[in-house]
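**Student:** This structure is in structure tokens; I'll ask about it shortly.
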Amino acid sequence: MKGKVDALLGIVFGDEGKGKVVDFFTPRYDVVARFAGGPNAGHTIIFGGQKFVLRSIPSGIFNENAINIIGNGCVIAPDLFMQEAQELEAAGYTLTQRLHISRRAHLILPTHRVLDRAYEAAKGKDRVGTTGKGIGPTYSDKAARVGLRVGDILDNFEEKYARLKARHEQILRDLHFTDYDIREEEARWMEGVAYMRRFPLKDTEIEINEMLDAGRSVLAEGAQGSLLDIDHGTYPFVSSSSTTIGGVCTGLGVAPSRIGRVFGIFKAYSTRVGAGPFPVELFDATGDRIRDIGHEYGAVTGRNRRCGWIDLVALRYAITINGVTDLVMMKSDVLDTFETIRVCTAYKKGDDVLCHMPYDTAGWEAVYEDVPGWKTSLSAVRSEKDFPKAFADYIAYLEKALDAPIRIVSVGPDREETVMRE
Ligand code: GDP
Ligand code: IMO
Ligand code: MG
């Protein structure tokens, strides 16, 4: 839509396939912008026999005509950014003029990563299971008004860096977490800072609004998922940013009236990586089977993803919070061989049954309805008219239960393995 910001948001626990769909959508947009998160994200894109996993760089980067923006709501680790950008440059993509970085985005220091480990260690059995990328400590410093921003690298940086690092070292001493050595990492990080200076470091919020005024279209690429949102997720087992629709406005500097369509992306089943309540989690052979077929191992940390059936309670909640206009269902092919597909329609605890998201999902069990599986490979399907009947019925069932249209169905990891519905 011209002059509007459409958003593509993960609406569950992340890893829904955002990277694939943003890349698929990019030819329709002039600008692709990340508004939240940092290298805790791992967005996989597969085309022409090549596979890329992006962490901080928006997934519109493979379209040479699109401007890609890392917005003010993001946090960025210069060393990891440099590595990611250099991998793309080695693959033949020129980035510097079409990858713009907000001067207001915050920097993840090496000591933020040490703090992430220290806080997790201190939490013991209550740890969040973070990605260890320093996300929580960096957003904490932002809120505490002591953080460093990308714009800081342009002016008197060494001194500001030393001051924040000293503050972190003091906290680490207080936590008795002193067994770390960041010297090599720090050298590489400083190299990353120097490397970042060759990119346009801009007031991207002004730039985006000017582009919208000129009738250009923007796609906001979500990171993580709605249930990992700092406000609306399964707190405290969440990430530290606003991953939901409000984060698009604050993380890019665009007004709510500029928001167009909101695409909510989910898988045909559920996964979660890291700790926290997960009522649909399967601890049995079915869970293992979903993990094996779906290759549910983290793109960033390699951890096993916890697997379960689709959760309509969580989806309805996320659709409401985000004002989702269109749904995108991923990894449908993973369920190709299942005789029966289960759908969580409610949660129960003793005699209590809930159809909406409770304050705390811990201790609630899933209530299921069963629908027949389609038992046919979907991989070669490119048009809705070729859907097996049981699969078309599954889609119709979900649309009715969620009261929103499923516009895109993904049947494999490749860019081509995608079905658009009218
Ligand atoms: P993101 O973080 O939301 O971008 O998702 P990830 O990249 O972390 O995880 C999605 C994984 O599923 C990646 O390995 C993708 O290559 C893969 N994938 C995406 N869509 C499909 C699909 O429709 N079918 C299958 N089998 N795999 C898919
Ligand atoms: P993408 O964008 C799935 C999870 C971590 C942990 C919690 C907090 O690829 O979908 P953090 O390092 O952010 O402080 O970790 O959030 N998490 C993700 N899970 N996909 C992601 O990103 C995630 N980013 C963070 O596993 O439970
Ligand atoms: Mg991911």
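Each chain of the structure tokens is named A, B, ... in the order shown, its residues numbered from 1; ligands are numbered from 1 in display order.
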Check every protein, DNA and RNA residue against ligand 3, keep those with an atom at most 10 Å away (counting only C-alpha atoms and all ligand atoms), and present them as a PDB file with C-alpha atoms, in the first residue's frame.
**Tutor:**
```pdb
ATOM      1  CA  GLY A  10       5.557 -12.914  14.487  1.00  0.00           C
ATOM      2  CA  PHE A  13       7.092 -17.206  20.244  1.00  0.00           C
ATOM      3  CA  GLY A  14       9.285 -16.194  17.295  1.00  0.00           C
ATOM      4  CA  ASP A  15      10.854 -18.276  14.531  1.00  0.00           C
ATOM      5  CA  GLU A  16       7.572 -18.326  12.632  1.00  0.00           C
ATOM      6  CA  GLY A  17       9.313 -17.749   9.267  1.00  0.00           C
ATOM      7  CA  LYS A  18       9.348 -13.935   9.180  1.00  0.00           C
ATOM      8  CA  GLY A  19      12.570 -13.804   7.153  1.00  0.00           C
ATOM      9  CA  PRO A  39      21.033 -10.224  17.009  1.00  0.00           C
ATOM     10  CA  ASN A  40      18.791 -12.350  19.221  1.00  0.00           C
ATOM     11  CA  ALA A  41      16.807 -12.697  15.978  1.00  0.00           C
ATOM     12  CA  GLY A  42      17.729 -15.286  13.352  1.00  0.00           C
ATOM     13  CA  HIS A  43      15.771 -14.875  10.137  1.00  0.00           C
ATOM     14  CA  THR A  44      16.339 -17.596   7.558  1.00  0.00           C
ATOM     15  CA  VAL A  53      20.472 -16.295   8.306  1.00  0.00           C
ATOM     16  CA  LEU A  54      20.047 -12.592   9.088  1.00  0.00           C
ATOM     17  CA  ARG A  55      20.217 -11.215  12.621  1.00  0.00           C
ATOM     18  CA  ALA A 223      11.575  -9.778  15.294  1.00  0.00           C
ATOM     19  CA  GLN A 224      10.766 -12.323  18.004  1.00  0.00           C
ATOM     20  CA  GLY A 225       7.025 -12.805  18.528  1.00  0.00           C
ATOM     21  CA  VAL A 273      12.831 -21.705  22.504  1.00  0.00           C
ATOM     22  CA  TYR A 297      16.593 -26.148  16.175  1.00  0.00           C
ATOM     23  CA  GLY A 298      17.399 -22.474  16.870  1.00  0.00           C
ATOM     24  CA  ALA A 299      18.909 -20.418  14.018  1.00  0.00           C
ATOM     25  CA  VAL A 300      20.951 -18.352  16.539  1.00  0.00           C
ATOM     26  CA  THR A 301      21.849 -20.723  19.362  1.00  0.00           C
TER      27      THR A 301
END
```
**Student:** Can you list, as an mmCIF file with C-alpha atoms, in the first residue's frame, every protein, DNA or RNA residue that comes within 9 Å of A:Gly308 when you count only C-alpha atoms, leaving out same-chain residues fewer than 6 positions away?
**Tutor:**
```
data_model
loop_
_atom_site.group_PDB
_atom_site.id
_atom_site.type_symbol
_atom_site.label_atom_id
_atom_site.label_comp_id
_atom_site.auth_asym_id
_atom_site.auth_seq_id
_atom_site.Cartn_x
_atom_site.Cartn_y
_atom_site.Cartn_z
ATOM 1 C CA TYR A 269 1.909 -25.868 14.994
ATOM 2 C CA SER A 270 3.707 -24.218 17.946
ATOM 3 C CA THR A 271 7.310 -23.855 19.054
ATOM 4 C CA ARG A 272 9.119 -22.050 21.815
ATOM 5 C CA PHE A 278 4.028 -23.314 27.169
ATOM 6 C CA PRO A 279 0.674 -25.069 27.704
ATOM 7 C CA VAL A 280 0.718 -26.891 24.350
ATOM 8 C CA GLU A 281 4.203 -28.350 24.808
ATOM 9 C CA LEU A 282 4.469 -32.052 23.878
ATOM 10 C CA PHE A 283 6.968 -34.136 25.800
ATOM 11 C CA THR A 286 4.791 -36.576 18.639
ATOM 12 C CA GLY A 287 6.730 -33.536 19.886
ATOM 13 C CA ILE A 290 7.361 -32.332 14.825
#
```
**Student:** Taking into account only C-alpha atoms and all ligand atoms, which residue in the set A:Ile46, A:Met190, A:Val324, A:Val128 is nearest to ligand 1?
**Tutor:** A:Ile46
**Student:** Please extract the residues of stretch 147-378 of chain A with a backbone DSSP assignment of strand (DSSP E or B) and present them as a ChimeraX atom specification.
**Tutor:** /A:149,201-202,218-221,259-267,270-272,281,297,304,306-308,310-311,326-330,340-349,352-354,365-372
**Student:** Check stretch 169-355 of chain A with DSSP on the backbone and list each residue it calls helix (DSSP H, G or I), as a PyMOL selection string.
**Tutor:** chain A and resi 169-174+183-196+204-213+226-228+245-252+256-258+285-294+312-322+332-335
